[in-house]
Each structure stands twice: as structure tokens, then as C-alpha cells.
There are 2 protein chains.
Amino acid sequence: MNVQMLRDAYMEYISCLNAQDWPSLHHFVAETAQHNGRHLGVAGYREMLVRDYQQIPDLRFNIGLLAVEPPIIASRLDFDCTPIGRFLDLPVNGKRVQFSENVFYEFVNYKIEKVWSVIDKSAVEAQLLR
Amino acid sequence: MNVQMLRDAYMEYISCLNAQDWPSLHHFVAETAQHNGRHLGVAGYREMLVRDYQQIPDLRFNIGLLAVEPPIIASRLDFDCTPIGRFLDLPVNGKRVQFSENVFYEFVNYKIEKVWSVIDKSAVEAQLLR
């Protein structure tokens with residue numbers, strides 16, 4: 001896989017999420033996709049994202065940092081949003097919070113095959129204490 | 001910066017940490033280094049690492065995934081260790097835990113200038129509930 005083509009595919013994937021264009025998700029996510037060790041496939045991956053938007057209606061994916069070395073992409077995603085209820089098992093309950101997700105993807109044929117995601121829970125906790 | 005030389009520098013940095021070879025740390029960390037937005041410099045960076053080893057005597061850095069795209073390196077570090085007291089503000093108290101850190105580094109002249117680290121606190125919490 002080519003660095004620039006892989007970067008472009010990832011950018012299109014992020015646009016797809018921000019557009020909530022679920023019928024296009026299979027262009028970017030493999031049928032055998034795994035997320036943090038769980039086999040989700042495209043259908044399960046879509047369900048996860050739909051649930052994310054239900055819990056965070058103003059969710060928006062912003063790329064803060066990117067490192068592309070095929071077949072791996074690492075991305076730091078910056079969020080500024082308002083989870084309506086519990087989030088990361090924390091009582092956010094409609095408070096606006098800023099946090100990041102540092103996430104690795106392994107691609108096969110320009111599609112996401114494996115995801116290893118870590119969300120900055122400590123940052124959200126600190127904002128709830130303010 | 002060259003991809004392979006940057007990768008080699010990072011591997012040497014990780015070896016330096018695992019050897020607790022603090023006199024060599026300045027070869028890998030810039031005088032102006034920042035960690036999660038805090039200005040630490042080499043001295044503050046070293047203090048942070050010394051404290052990590054005090055709190056986790058069997059700490060060992062294992063690279064699980066790596067994406068190198070100068071000037072950025074993204075690394076997933078896998079840990080299997082035994083924090084003696086509180087860790088991430090959790091009462092780990094000598095329990096052996098496995099968790100990962102997804103971390104981005106920005107390098108200048110092959111030295112770490114900025115770090116954006118997220119540790120998987122949810123994974124540690126889940127192990128304390130077992």
C-alpha cells in the first residue's frame with residue numbers, strides 16, 4: 001500500500017464518520033474487522049459508531065496527529081463534544097468535554113482490519129472534578 | 001530525518017529506559033521537551049521516569065506497534081507489571097496488571113521534543129474488578 005493513497009483512504013474514512021454515511025462504511029472497514037480484540041465486522045463496527053452518535057449527538061472526529069507507515073496508521077483524534085449520559089463509565093451527563101483518542105489501525109487492501117484504541121479517560125475525569 | 005535512523009533512535013531510547021540509563025537520556029530527549037503539554041526538559045523527563053520506576057519496580061517498556069513518519073513516531077507500548085501502590089489514581093496495590101499506552105512523539109534532530117501519551121486506564125480498572 002502506498003503512503004499517500006493510504007493517508008487519503010483514512011481521510012475519506014474520517015469524512016464518512018463525520019457525515020454518518022453508514023452505507024459507505026464498507027469501503028473503509030474490512031468484513032473481518034476487529035476493534036480492541038473484538039471481532040465486529042462491518043455490521044458490528046457500524047453498530048458501535050451508531051451507538052457512539054446516540055450517546056454523543058454532537059460527536060465530530062478531528063485528526064490532531066497522524067503517522068502513516070503502511071500497513072499501519074496511527075492517529076490522534078481530538079474531540080470537543082457533549083455526551084448526554086454516562087461516557088467511559090463516567091457521569092458526564094450533558095457536560096461539554098475535550099479529550100483525545102490515540103488509535104492505531106492495521107489496513108489490508110486499504111481497509112481497516114484491526115483497531116487498537118485508547119481514549120484519555122483521565123482527561124474526562126479531570127474535567128468532571130472542575 | 002530518515003525513517004530508519006529515526007526508528008533506530010527510538011529503539012535506543014526504549015533500551016535506555018529499560019536499562020534505567022538516565023545519564024544517556026539526553027541523547028534521546030530534547031532540552032525543551034514537553035510531555036502532555038507540560039514543559040519538562042531532560043531533567044523533568046528523567047524525574048518522571050525515575051518516579052515511574054519507584055512506583056512500578058518491575059516496569060518494562062515493550063513496543064507492540066510502531067508507525068514512523070518523520071518527524072512523528074507513534075508507538076503502542078505494552079506493559080505487564082506490578083505497581084506497588086496507587087497507579088493512574090487507582091488502588092492497584094501490588095496486583096499484576098497488563099495494559100497499553102498509545103503514544104505519539106514529535107522529534108527534532110532525532111530527539112524527542114513533544115509527547116502525547118494516553119494510557120489505557122479502563123483496562124486497568126477492569127482488572128481490579130476481577
# chains A, B, ... in the order shown; residues from 1 in each chain; ligands from 1
>>> calpha_fit_and_write(fixed="chain A", moving="chain B", output="mmCIF file with C-alpha atoms, in the first residue's frame")
data_model
loop_
_atom_site.group_PDB
_atom_site.id
_atom_site.type_symbol
_atom_site.label_atom_id
_atom_site.label_comp_id
_atom_site.auth_asym_id
_atom_site.auth_seq_id
_atom_site.Cartn_x
_atom_site.Cartn_y
_atom_site.Cartn_z
ATOM 1 C CA MET B 1 -0.007 0.020 0.020
ATOM 2 C CA ASN B 2 1.155 3.488 -0.930
ATOM 3 C CA VAL B 3 1.632 6.084 1.839
ATOM 4 C CA GLN B 4 -0.320 8.875 0.155
ATOM 5 C CA MET B 5 -3.131 6.593 -1.011
ATOM 6 C CA LEU B 6 -3.421 5.104 2.479
ATOM 7 C CA ARG B 7 -3.507 8.585 4.023
ATOM 8 C CA ASP B 8 -6.220 9.592 1.527
ATOM 9 C CA ALA B 9 -8.255 6.473 2.348
ATOM 10 C CA TYR B 10 -8.050 7.316 6.057
ATOM 11 C CA MET B 11 -9.120 10.925 5.457
ATOM 12 C CA GLU B 12 -12.123 9.650 3.491
ATOM 13 C CA TYR B 13 -12.933 7.231 6.328
ATOM 14 C CA ILE B 14 -12.975 10.126 8.815
ATOM 15 C CA SER B 15 -15.191 12.158 6.451
ATOM 16 C CA CYS B 16 -17.499 9.139 6.217
ATOM 17 C CA LEU B 17 -17.809 9.039 10.021
ATOM 18 C CA ASN B 18 -18.450 12.774 10.298
ATOM 19 C CA ALA B 19 -21.140 12.512 7.595
ATOM 20 C CA GLN B 20 -22.604 9.448 9.383
ATOM 21 C CA ASP B 21 -22.596 7.926 5.898
ATOM 22 C CA TRP B 22 -23.036 4.339 7.102
ATOM 23 C CA PRO B 23 -23.850 2.846 3.668
ATOM 24 C CA SER B 24 -20.287 3.816 2.603
ATOM 25 C CA LEU B 25 -18.556 2.360 5.674
ATOM 26 C CA HIS B 26 -17.725 -0.928 3.924
ATOM 27 C CA HIS B 27 -15.394 0.980 1.576
ATOM 28 C CA PHE B 28 -13.116 1.618 4.556
ATOM 29 C CA VAL B 29 -13.738 -1.244 7.004
ATOM 30 C CA ALA B 30 -12.991 -4.912 6.245
ATOM 31 C CA GLU B 31 -15.588 -7.661 6.681
ATOM 32 C CA THR B 32 -13.229 -9.246 9.222
ATOM 33 C CA ALA B 33 -12.556 -6.044 11.186
ATOM 34 C CA GLN B 34 -11.556 -6.248 14.853
ATOM 35 C CA HIS B 35 -11.716 -3.426 17.428
ATOM 36 C CA ASN B 36 -9.657 -3.762 20.619
ATOM 37 C CA GLY B 37 -9.577 -7.536 20.163
ATOM 38 C CA ARG B 38 -13.312 -7.944 19.447
ATOM 39 C CA HIS B 39 -14.451 -9.297 16.070
ATOM 40 C CA LEU B 40 -17.007 -6.765 14.830
ATOM 41 C CA GLY B 41 -17.061 -6.961 11.042
ATOM 42 C CA VAL B 42 -18.575 -4.043 9.127
ATOM 43 C CA ALA B 43 -22.005 -4.555 10.732
ATOM 44 C CA GLY B 44 -20.683 -4.561 14.294
ATOM 45 C CA TYR B 45 -18.375 -1.640 13.556
ATOM 46 C CA ARG B 46 -21.338 0.329 12.219
ATOM 47 C CA GLU B 47 -23.423 -0.520 15.304
ATOM 48 C CA MET B 48 -20.602 0.730 17.523
ATOM 49 C CA LEU B 49 -20.477 4.052 15.636
ATOM 50 C CA VAL B 50 -24.282 4.478 15.567
ATOM 51 C CA ARG B 51 -24.287 3.937 19.338
ATOM 52 C CA ASP B 52 -21.479 6.504 19.734
ATOM 53 C CA TYR B 53 -23.603 9.099 17.919
ATOM 54 C CA GLN B 54 -26.678 8.228 20.009
ATOM 55 C CA GLN B 55 -24.654 8.784 23.173
ATOM 56 C CA ILE B 56 -22.846 11.855 21.786
ATOM 57 C CA PRO B 57 -25.119 13.622 19.268
ATOM 58 C CA ASP B 58 -22.561 16.397 18.562
ATOM 59 C CA LEU B 59 -19.695 13.906 18.028
ATOM 60 C CA ARG B 60 -17.114 15.040 15.483
ATOM 61 C CA PHE B 61 -13.804 13.358 14.581
ATOM 62 C CA ASN B 62 -10.874 15.778 14.253
ATOM 63 C CA ILE B 63 -7.432 14.478 13.291
ATOM 64 C CA GLY B 64 -4.797 16.100 15.517
ATOM 65 C CA LEU B 65 -1.758 13.997 14.611
ATOM 66 C CA LEU B 66 -1.161 11.325 12.010
ATOM 67 C CA ALA B 67 1.677 8.867 11.322
ATOM 68 C CA VAL B 68 1.294 6.729 8.219
ATOM 69 C CA GLU B 69 3.580 3.745 7.724
ATOM 70 C CA PRO B 70 1.781 1.046 5.700
ATOM 71 C CA PRO B 71 0.133 -1.160 6.766
ATOM 72 C CA ILE B 72 -0.200 0.918 9.985
ATOM 73 C CA ILE B 73 -1.801 4.307 10.573
ATOM 74 C CA ALA B 74 -1.639 5.949 13.974
ATOM 75 C CA SER B 75 -3.983 8.856 14.575
ATOM 76 C CA ARG B 76 -4.594 11.189 17.477
ATOM 77 C CA LEU B 77 -8.240 12.204 17.330
ATOM 78 C CA ASP B 78 -9.321 15.311 19.231
ATOM 79 C CA PHE B 79 -12.903 15.571 20.476
ATOM 80 C CA ASP B 80 -14.893 18.519 21.847
ATOM 81 C CA CYS B 81 -18.374 17.200 22.491
ATOM 82 C CA THR B 82 -21.278 16.656 24.867
ATOM 83 C CA PRO B 83 -22.082 13.062 25.873
ATOM 84 C CA ILE B 84 -25.695 13.053 27.053
ATOM 85 C CA GLY B 85 -25.393 10.366 29.760
ATOM 86 C CA ARG B 86 -22.593 8.168 31.051
ATOM 87 C CA PHE B 87 -19.434 8.045 28.929
ATOM 88 C CA LEU B 88 -16.457 5.732 29.606
ATOM 89 C CA ASP B 89 -18.493 4.733 32.663
ATOM 90 C CA LEU B 90 -18.308 8.321 33.943
ATOM 91 C CA PRO B 91 -21.335 10.528 34.776
ATOM 92 C CA VAL B 92 -20.733 13.161 32.088
ATOM 93 C CA ASN B 93 -24.498 13.859 31.780
ATOM 94 C CA GLY B 94 -24.487 16.641 29.209
ATOM 95 C CA LYS B 95 -21.277 18.402 30.227
ATOM 96 C CA ARG B 96 -19.113 19.542 27.319
ATOM 97 C CA VAL B 97 -15.735 17.810 27.456
ATOM 98 C CA GLN B 98 -12.494 17.835 25.475
ATOM 99 C CA PHE B 99 -10.409 14.706 25.183
ATOM 100 C CA SER B 100 -8.257 12.727 22.766
ATOM 101 C CA GLU B 101 -8.125 9.183 21.451
ATOM 102 C CA ASN B 102 -4.766 7.716 20.383
ATOM 103 C CA VAL B 103 -5.592 4.959 17.934
ATOM 104 C CA PHE B 104 -3.700 2.514 15.702
ATOM 105 C CA TYR B 105 -5.201 0.874 12.612
ATOM 106 C CA GLU B 106 -3.831 -2.018 10.590
ATOM 107 C CA PHE B 107 -5.000 -1.885 6.984
ATOM 108 C CA VAL B 108 -5.331 -4.672 4.425
ATOM 109 C CA ASN B 109 -6.048 -3.558 0.848
ATOM 110 C CA TYR B 110 -6.717 -0.021 2.110
ATOM 111 C CA LYS B 111 -9.423 -1.261 4.502
ATOM 112 C CA ILE B 112 -9.299 -1.237 8.313
ATOM 113 C CA GLU B 113 -8.626 -4.748 9.581
ATOM 114 C CA LYS B 114 -7.615 -4.135 13.212
ATOM 115 C CA VAL B 115 -8.011 -1.205 15.603
ATOM 116 C CA TRP B 116 -6.227 -0.599 18.905
ATOM 117 C CA SER B 117 -7.814 2.438 20.532
ATOM 118 C CA VAL B 118 -7.124 4.174 23.842
ATOM 119 C CA ILE B 119 -9.303 7.101 24.965
ATOM 120 C CA ASP B 120 -7.965 9.591 27.502
ATOM 121 C CA LYS B 121 -10.348 8.768 30.358
ATOM 122 C CA SER B 122 -8.182 10.630 32.908
ATOM 123 C CA ALA B 123 -8.717 13.870 30.941
ATOM 124 C CA VAL B 124 -12.507 13.447 31.088
ATOM 125 C CA GLU B 125 -12.381 12.631 34.815
ATOM 126 C CA ALA B 126 -10.348 15.788 35.495
ATOM 127 C CA GLN B 127 -12.974 17.922 33.720
ATOM 128 C CA LEU B 128 -15.796 16.427 35.777
ATOM 129 C CA LEU B 129 -14.005 17.468 38.992
ATOM 130 C CA ARG B 130 -13.842 21.143 37.970
#
>>> select_by_dssp(residues="region 67-125 of chain A", states="strand (DSSP E or B)", output="ChimeraX atom specification")
/A:67-69,72-81,86-87,90-91,97-108,111-119
>>> write_last_selection(atoms="N, CA and C atoms", output="mmCIF file, in the first residue's frame")
data_model
loop_
_atom_site.group_PDB
_atom_site.id
_atom_site.type_symbol
_atom_site.label_atom_id
_atom_site.label_comp_id
_atom_site.auth_asym_id
_atom_site.auth_seq_id
_atom_site.Cartn_x
_atom_site.Cartn_y
_atom_site.Cartn_z
ATOM 1 N N ALA A 67 0.421 9.502 11.788
ATOM 2 C CA ALA A 67 1.667 8.871 11.331
ATOM 3 C C ALA A 67 1.262 7.697 10.456
ATOM 4 N N VAL A 68 1.687 7.742 9.208
ATOM 5 C CA VAL A 68 1.293 6.735 8.223
ATOM 6 C C VAL A 68 2.521 5.933 7.830
ATOM 7 N N GLU A 69 2.525 4.666 8.178
ATOM 8 C CA GLU A 69 3.580 3.756 7.730
ATOM 9 C C GLU A 69 2.918 2.436 7.386
ATOM 10 N N ILE A 72 0.304 0.310 8.742
ATOM 11 C CA ILE A 72 -0.195 0.914 9.977
ATOM 12 C C ILE A 72 -0.457 2.412 9.788
ATOM 13 N N ILE A 73 -1.580 2.877 10.348
ATOM 14 C CA ILE A 73 -1.800 4.307 10.564
ATOM 15 C C ILE A 73 -2.025 4.514 12.052
ATOM 16 N N ALA A 74 -1.346 5.518 12.610
ATOM 17 C CA ALA A 74 -1.639 5.951 13.972
ATOM 18 C C ALA A 74 -2.214 7.349 13.891
ATOM 19 N N SER A 75 -3.291 7.578 14.639
ATOM 20 C CA SER A 75 -3.988 8.861 14.583
ATOM 21 C C SER A 75 -4.318 9.312 15.997
ATOM 22 N N ARG A 76 -4.107 10.601 16.247
ATOM 23 C CA ARG A 76 -4.596 11.193 17.499
ATOM 24 C C ARG A 76 -5.823 12.003 17.135
ATOM 25 N N LEU A 77 -6.958 11.561 17.635
ATOM 26 C CA LEU A 77 -8.234 12.198 17.338
ATOM 27 C C LEU A 77 -8.617 13.092 18.512
ATOM 28 N N ASP A 78 -8.946 14.341 18.198
ATOM 29 C CA ASP A 78 -9.326 15.314 19.231
ATOM 30 C C ASP A 78 -10.833 15.531 19.204
ATOM 31 N N PHE A 79 -11.437 15.432 20.369
ATOM 32 C CA PHE A 79 -12.894 15.571 20.485
ATOM 33 C C PHE A 79 -13.250 16.749 21.393
ATOM 34 N N ASP A 80 -14.334 17.411 21.048
ATOM 35 C CA ASP A 80 -14.889 18.509 21.843
ATOM 36 C C ASP A 80 -16.392 18.325 21.709
ATOM 37 N N CYS A 81 -17.012 17.689 22.700
ATOM 38 C CA CYS A 81 -18.378 17.206 22.496
ATOM 39 C C CYS A 81 -19.113 17.046 23.809
ATOM 40 N N ARG A 86 -23.891 8.679 30.612
ATOM 41 C CA ARG A 86 -22.596 8.152 31.040
ATOM 42 C C ARG A 86 -21.704 7.977 29.814
ATOM 43 N N PHE A 87 -20.406 8.201 30.008
ATOM 44 C CA PHE A 87 -19.433 8.040 28.927
ATOM 45 C C PHE A 87 -18.152 7.517 29.554
ATOM 46 N N LEU A 90 -18.379 7.103 33.102
ATOM 47 C CA LEU A 90 -18.320 8.310 33.942
ATOM 48 C C LEU A 90 -19.619 9.099 33.775
ATOM 49 N N PRO A 91 -20.094 9.767 34.846
ATOM 50 C CA PRO A 91 -21.357 10.514 34.777
ATOM 51 C C PRO A 91 -21.152 11.881 34.115
ATOM 52 N N VAL A 97 -17.082 18.257 27.068
ATOM 53 C CA VAL A 97 -15.739 17.803 27.455
ATOM 54 C C VAL A 97 -14.820 17.752 26.230
ATOM 55 N N GLN A 98 -13.533 17.963 26.502
ATOM 56 C CA GLN A 98 -12.496 17.842 25.472
ATOM 57 C C GLN A 98 -11.590 16.670 25.871
ATOM 58 N N PHE A 99 -11.297 15.829 24.916
ATOM 59 C CA PHE A 99 -10.401 14.694 25.196
ATOM 60 C C PHE A 99 -9.867 14.165 23.874
ATOM 61 N N SER A 100 -8.858 13.311 23.968
ATOM 62 C CA SER A 100 -8.257 12.728 22.766
ATOM 63 C C SER A 100 -8.321 11.210 22.805
ATOM 64 N N GLU A 101 -8.210 10.635 21.619
ATOM 65 C CA GLU A 101 -8.115 9.193 21.450
ATOM 66 C C GLU A 101 -6.855 8.935 20.634
ATOM 67 N N ASN A 102 -5.948 8.127 21.163
ATOM 68 C CA ASN A 102 -4.768 7.719 20.387
ATOM 69 C C ASN A 102 -5.047 6.327 19.844
ATOM 70 N N VAL A 103 -5.074 6.196 18.525
ATOM 71 C CA VAL A 103 -5.592 4.949 17.935
ATOM 72 C C VAL A 103 -4.690 4.469 16.796
ATOM 73 N N PHE A 104 -4.446 3.161 16.795
ATOM 74 C CA PHE A 104 -3.700 2.513 15.716
ATOM 75 C C PHE A 104 -4.665 1.691 14.869
ATOM 76 N N TYR A 105 -4.414 1.684 13.570
ATOM 77 C CA TYR A 105 -5.185 0.875 12.623
ATOM 78 C C TYR A 105 -4.216 0.031 11.805
ATOM 79 N N GLU A 106 -4.563 -1.210 11.589
ATOM 80 C CA GLU A 106 -3.833 -2.016 10.597
ATOM 81 C C GLU A 106 -4.740 -2.177 9.388
ATOM 82 N N PHE A 107 -4.243 -1.802 8.222
ATOM 83 C CA PHE A 107 -5.013 -1.875 6.987
ATOM 84 C C PHE A 107 -4.608 -3.088 6.157
ATOM 85 N N VAL A 108 -5.590 -3.655 5.454
ATOM 86 C CA VAL A 108 -5.344 -4.665 4.430
ATOM 87 C C VAL A 108 -6.090 -4.194 3.193
ATOM 88 N N LYS A 111 -8.274 -1.178 3.599
ATOM 89 C CA LYS A 111 -9.424 -1.247 4.507
ATOM 90 C C LYS A 111 -8.952 -1.559 5.926
ATOM 91 N N ILE A 112 -9.646 -1.015 6.908
ATOM 92 C CA ILE A 112 -9.292 -1.222 8.318
ATOM 93 C C ILE A 112 -9.578 -2.662 8.709
ATOM 94 N N GLU A 113 -8.516 -3.327 9.182
ATOM 95 C CA GLU A 113 -8.621 -4.737 9.573
ATOM 96 C C GLU A 113 -8.601 -4.870 11.099
ATOM 97 N N LYS A 114 -7.737 -4.078 11.746
ATOM 98 C CA LYS A 114 -7.620 -4.137 13.210
ATOM 99 C C LYS A 114 -7.467 -2.727 13.758
ATOM 100 N N VAL A 115 -8.086 -2.493 14.912
ATOM 101 C CA VAL A 115 -8.017 -1.197 15.588
ATOM 102 C C VAL A 115 -7.589 -1.433 17.040
ATOM 103 N N TRP A 116 -6.632 -0.595 17.493
ATOM 104 C CA TRP A 116 -6.216 -0.593 18.905
ATOM 105 C C TRP A 116 -6.387 0.841 19.388
ATOM 106 N N SER A 117 -7.437 1.089 20.140
ATOM 107 C CA SER A 117 -7.813 2.446 20.533
ATOM 108 C C SER A 117 -7.666 2.640 22.033
ATOM 109 N N VAL A 118 -7.130 3.786 22.428
ATOM 110 C CA VAL A 118 -7.126 4.175 23.839
ATOM 111 C C VAL A 118 -7.650 5.606 23.938
ATOM 112 N N ILE A 119 -8.709 5.779 24.733
ATOM 113 C CA ILE A 119 -9.302 7.102 24.961
ATOM 114 C C ILE A 119 -8.788 7.648 26.288
#
>>> decode(residues="region 105-122 of chain B", atoms="N, CA, C and O atoms", output="mmCIF file, in the first residue's frame")
data_model
loop_
_atom_site.group_PDB
_atom_site.id
_atom_site.type_symbol
_atom_site.label_atom_id
_atom_site.label_comp_id
_atom_site.auth_asym_id
_atom_site.auth_seq_id
_atom_site.Cartn_x
_atom_site.Cartn_y
_atom_site.Cartn_z
ATOM 1 N N TYR B 105 5.155 10.836 19.525
ATOM 2 C CA TYR B 105 6.330 11.658 19.787
ATOM 3 C C TYR B 105 6.587 12.518 18.561
ATOM 4 O O TYR B 105 6.520 12.025 17.430
ATOM 5 N N GLU B 106 6.914 13.780 18.789
ATOM 6 C CA GLU B 106 7.449 14.616 17.708
ATOM 7 C C GLU B 106 8.936 14.783 17.965
ATOM 8 O O GLU B 106 9.349 15.190 19.060
ATOM 9 N N PHE B 107 9.740 14.468 16.957
ATOM 10 C CA PHE B 107 11.189 14.552 17.079
ATOM 11 C C PHE B 107 11.725 15.794 16.366
ATOM 12 O O PHE B 107 11.184 16.215 15.340
ATOM 13 N N VAL B 108 12.787 16.360 16.925
ATOM 14 C CA VAL B 108 13.571 17.393 16.257
ATOM 15 C C VAL B 108 15.030 16.939 16.354
ATOM 16 O O VAL B 108 15.513 16.654 17.461
ATOM 17 N N ASN B 109 15.699 16.841 15.230
ATOM 18 C CA ASN B 109 17.091 16.355 15.218
ATOM 19 C C ASN B 109 17.239 15.030 15.966
ATOM 20 O O ASN B 109 18.170 14.849 16.757
ATOM 21 N N TYR B 110 16.314 14.126 15.719
ATOM 22 C CA TYR B 110 16.331 12.779 16.310
ATOM 23 C C TYR B 110 16.176 12.782 17.835
ATOM 24 O O TYR B 110 16.462 11.782 18.484
ATOM 25 N N LYS B 111 15.719 13.899 18.400
ATOM 26 C CA LYS B 111 15.440 13.924 19.842
ATOM 27 C C LYS B 111 13.956 14.210 20.080
ATOM 28 O O LYS B 111 13.336 14.977 19.333
ATOM 29 N N ILE B 112 13.419 13.645 21.157
ATOM 30 C CA ILE B 112 12.003 13.812 21.490
ATOM 31 C C ILE B 112 11.759 15.247 21.949
ATOM 32 O O ILE B 112 12.384 15.712 22.903
ATOM 33 N N GLU B 113 10.843 15.899 21.256
ATOM 34 C CA GLU B 113 10.518 17.301 21.560
ATOM 35 C C GLU B 113 9.148 17.390 22.251
ATOM 36 O O GLU B 113 8.974 18.165 23.173
ATOM 37 N N LYS B 114 8.191 16.598 21.757
ATOM 38 C CA LYS B 114 6.839 16.617 22.323
ATOM 39 C C LYS B 114 6.306 15.192 22.412
ATOM 40 O O LYS B 114 6.533 14.381 21.513
ATOM 41 N N VAL B 115 5.556 14.938 23.486
ATOM 42 C CA VAL B 115 4.943 13.626 23.709
ATOM 43 C C VAL B 115 3.465 13.821 23.999
ATOM 44 O O VAL B 115 3.095 14.710 24.776
ATOM 45 N N TRP B 116 2.638 12.997 23.355
ATOM 46 C CA TRP B 116 1.200 12.967 23.635
ATOM 47 C C TRP B 116 0.854 11.509 23.975
ATOM 48 O O TRP B 116 0.763 10.658 23.084
ATOM 49 N N SER B 117 0.687 11.242 25.244
ATOM 50 C CA SER B 117 0.533 9.870 25.721
ATOM 51 C C SER B 117 -0.860 9.633 26.278
ATOM 52 O O SER B 117 -1.392 10.485 27.001
ATOM 53 N N VAL B 118 -1.449 8.485 25.954
ATOM 54 C CA VAL B 118 -2.696 8.066 26.595
ATOM 55 C C VAL B 118 -2.522 6.629 27.076
ATOM 56 O O VAL B 118 -2.177 5.741 26.292
ATOM 57 N N ILE B 119 -2.743 6.415 28.373
ATOM 58 C CA ILE B 119 -2.645 5.083 28.977
ATOM 59 C C ILE B 119 -4.046 4.508 29.126
ATOM 60 O O ILE B 119 -4.997 5.226 29.423
ATOM 61 N N ASP B 120 -4.162 3.207 28.902
ATOM 62 C CA ASP B 120 -5.476 2.553 28.902
ATOM 63 C C ASP B 120 -5.944 2.302 30.342
ATOM 64 O O ASP B 120 -5.853 1.183 30.862
ATOM 65 N N LYS B 121 -6.459 3.354 30.962
ATOM 66 C CA LYS B 121 -6.921 3.274 32.352
ATOM 67 C C LYS B 121 -8.102 2.305 32.495
ATOM 68 O O LYS B 121 -8.191 1.576 33.484
ATOM 69 N N SER B 122 -8.990 2.282 31.498
ATOM 70 C CA SER B 122 -10.156 1.384 31.564
ATOM 71 C C SER B 122 -9.713 -0.079 31.680
ATOM 72 O O SER B 122 -10.346 -0.872 32.385
#
